[in-house]
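Read through the structure below, which is laid out as structure tokens, and then see the notes.
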There are 2 protein chains.
Amino acid sequence: MYEKLRGVRDFYPEDHIGRRHMHDALYATARSYGFKEVTTPSIEPLELITKKSGDAIVNEIYAFQDKGGRDICLIPELTPSIARMVISRQKELVKPVKWCSLSRHWRYERPQRGRQREFYQFNVDILGVRSSRADFETIACGIDCMLSLGLDNFRFHISDRTLIEQFFTSHGIDASQAFSIVDKRTKVNEGEFRDMLSGIGVGDECYEQLEGLLSLNGPIHETLPEVKETLGACGAHADDALTTLEEIGSLLESYGMDEHCTLDLSIVRGLAYYTDMVFEVFDKRRSMRSLFGGGRYDNLIELLGGQPMPAVGFAIGMPLLELLMREEGTWPEPSFGPDYFVVTIGDVEREAFSLIRALRAKTTVEYDLSGKNLSNQMNLANSIGARRVIIVGERDVKSHVFTVKDMETGDQQQVPMDEFYKTLKE
Amino acid sequence: MYEKLRGVRDFYPEDHIGRRHMHDALYATARSYGFKEVTTPSIEPLELITKKSGDAIVNEIYAFQDKGGRDICLIPELTPSIARMVISRQKELVKPVKWCSLSRHWRYERPQRGRQREFYQFNVDILGVRSSRADFETIACGIDCMLSLGLDNFRFHISDRTLIEQFFTSHGIDASQAFSIVDKRTKVNEGEFRDMLSGIGVGDECYEQLEGLLSLNGPIHETLPEVKETLGACGAHADDALTTLEEIGSLLESYGMDEHCTLDLSIVRGLAYYTDMVFEVFDKRRSMRSLFGGGRYDNLIELLGGQPMPAVGFAIGMPLLELLMREEGTWPEPSFGPDYFVVTIGDVEREAFSLIRALRAKTTVEYDLSGKNLSNQMNLANSIGARRVIIVGERDVKSHVFTVKDMETGDQQQVPMDEFYKTLKE
């Protein structure tokens, strides 16, 4: 007997019902926003991935040589491939490019709750426009993705990296180093956090102001003036970011989604490639780590060899989403049974099989494949959860009727064949 | 600029419309037969694949070591993984197990028309029952898969390997060697074919009889008596296979699918693991190579470490199916446009965005993300193929109306807002 590899998952039918529901809901939501489905290859040149994420990522992914000696890898995320696809048709594509994709990804990491080596992720991206509307559209689609899964125990924590960047710059501190420290804030204790900041030159006063900023967290419109004031006090200028956030806040309000959002300057996202607006989604009690996140990445297309092109997007991982749905009770119960199970008595092959075919054009039908007797056919119908049984017997056929039994109520009735077929056609 | 790898494909939105249609149709067909969706990992221990197909397959697939030093591979087909999943729950699963899966596969082969290094395949399998009904059910589902895609220029060539096996055995010739030669029959010329057969001891008389059998090709019921006679004349016994084929033929007739099938003893399928019924699908003119195939494989589960368990199934590759659909004109034309495009004039954010959200609960809506003026908004609506435009202007808002324009007819009318929302709710 062979075992599957560690960190991968077999989806049996009972896992699949929920999975299909989840995938369909996400796609339907993105489609309603005008996002179009794309699919990228699962294997890409390794350089495409390292160019975006740095060489160190090789240690965390499935990288190998193909038989032609090319360094390739299983894609750990979608964005580099999306960028490659956009770049190769950059001129022809109508802007904005609005794409979504539900894809498989692979990372060679220690498997843990909600984190697997092989997993699905849903990506949504808008390329070719830099505006608060595009930022809003991305956030709104993310919120509707959650709502479409019956989830409402979540909050989008929104910020703009340039706010914290301007803050550090105004204090003469290198912002790129600071970002990765701020990103670790909730993962280390206060002493460690302060030490790391001291290491890059953050003094006491600066630290106090920073803590003031990072602990601001509330409705966008109410919180923005405080942010403005604090930043202004240290001589930091971030007017564009403040305006964008204000517009995003206003759009979210007009759209009726402001209740799901909070301004939270502690969100900077560690990844180097984000440029402006960033967000992370948490459950309201913050009992789990960040559910997913996204933001604006205006430099990536150029970095990967395209003409400069702004971009904004997010990616949701399915494993964590499934965990959340199961916890919230919105993961659908598997229900498998076919609508009909056709039972045969005697030599009624012709009548039974024309019936089965006609039914299958409309719905789900099963029947016994192994020559069982009547009572064993009924048992099978029962054990697979068939909703109705149609009995086709030799005597029934002579009198041109089917016997239809409702397996839930036990009701049983004879229906003239032509009447049954007539109803079926309607 | 980065290029994709050779033999893989980027699915842009215009490729995706057809792809989604194809996938949905195949799933819907299999579901109507009671097949349940499963998904296997894309990576498996290499040994699972070589155990089924032999060590030589390593040269044709993406095999590599992971960071833990395990020999793993990208799966070149689904069957070993399906077998592994069945075996690991062999006792609990209700029989028959009826599974389907649309999965990605990888083979390191020279890319050619309809054959790629990375491709999707649709698998349908019934495990746990050996019967002509299970064989029929598999074939019928395969036929309905083709019909569901609007294809009817195809024929299922059905046989049973034991017929040819018994024929060779009755002549004292090793059947396993003979199968691979018979499988090459249409790929070599007559002289080469005869030479290869001579090489394993096929004499002139045996060759003539074999050619007689292999050239039989016609409706199952009409052709079976001839097969029986020819086999009987050489003392070959294949009564079970003949009975099974007769029953399959009768079921196909009752089901109304016999027109799509032919008995063709030249179909043996090269793969070692098929045991009894086998089939291959060709376009009627046989202008293309085999479109796909399947058959019964009753020994695989035991070979891979399970309890003996009969099985029958097939796999259709998407690249060839897409080619066929494009040739037959059943590949759907891409049509992208959103149902609505909302155009704004002046400060109408609140009204426009509540409208957009309400519409998106039902359908597809886009709007300008970059602050365009009225005429450029109309141009964008036009260039993305929006079916209707709703103009929300400051004056309209004051008089509580929307202006709705049909982009096809050019008709434009004012609709009171409350009436519009009322219609939307219905």
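Chain lettering (A, B, ...) mirrors the order of the structure tokens, residue numbering begins at 1 for each chain separately, and ligand numbering begins at 1 in order of display.
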Show which residues sit within 12 Å of B:Lys362, as an MDAnalysis selection string. Count only C-alpha atoms, and ignore same-chain residues fewer than 2 positions away.
-> (chainID A and resid 28:29 31:33) or (chainID B and resid 338:340 355:360 364:365 421 423:426)
Residues of chain B no more than 6 Å from chain A, counting only C-alpha atoms: send them over as number ranges by chain.
-> B: 1, 10-13, 32-34, 36-40, 131, 133-134, 254-255, 305, 350, 353-354, 360, 363-366, 369-370
Which parts of stretch 191-393 of chain A does DSSP call strand (DSSP E or B) when run on the backbone here, written out as a VMD selection string?
-> chain A and resid 217 to 218 261 to 264 277 to 283 292 to 296 311 to 317 340 to 345 365 to 367 388 to 393
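Using only C-alpha atoms, the nearest neighbour of A:Val182 within the list A:Asn382, A:Ser266, A:Ser215, A:Gln166 is A:Ser266.
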For stretch 315-331 of chain B, list every protein, DNA or RNA residue within 8 Å, evaluated using only C-alpha atoms, and leave out those in the same chain fewer than 3 positions away; present the list as a PyMOL selection string.
-> chain B and resi 18+114-116+119-124+149-151+291-294
Shell of 8 Å around A:Lys228, only C-alpha atoms, local chain residues under 4 positions omitted, as a list in words | Leu224, Gly232 and Leu242 of chain A
Keeping only C-alpha atoms, write those residues as a PDB file, in the first residue's frame.
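Generated file (out-v7.pdb):
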```pdb
ATOM      1  CA  LEU A 224      -7.645  59.270   9.289  1.00  0.00           C
ATOM      2  CA  GLY A 232       2.149  66.030  10.457  1.00  0.00           C
ATOM      3  CA  LEU A 242      -4.097  59.992   2.906  1.00  0.00           C
TER       4      LEU A 242
END
```
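For the atom pair formed by atom CA of A:Val268 and atom CA of A:Phe193, the distance is 15.1 Å, given to one decimal.
Counting only C-alpha atoms, B:Arg161 has the following residues at most 8 Å away, ignoring those fewer than 5 positions along the same chain: Ile267, Val268, Tyr274, Thr275, Asp276, Met277 and Val278 of chain B.
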Write down as number ranges by chain the residues of stretch 25-166 of chain A whose backbone DSSP state falls under alpha helix (DSSP H).
-> A: 25-32, 46-53, 79-88, 132-148, 161-166
Residues within 8 Å of A:Leu214, only C-alpha atoms, excluding chain neighbours under 4 positions, as a list of chain:residue names = A:Leu210, A:Asp264, A:Leu265, A:Ser266
Atom CA of A:Ile390 to atom CA of A:Val342, distance in Å rounded to a single decimal | 4.8 Å
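Rounded to one decimal, atom CA of B:Gly172 and atom CA of B:Val202 lie 9.2 Å from each other.
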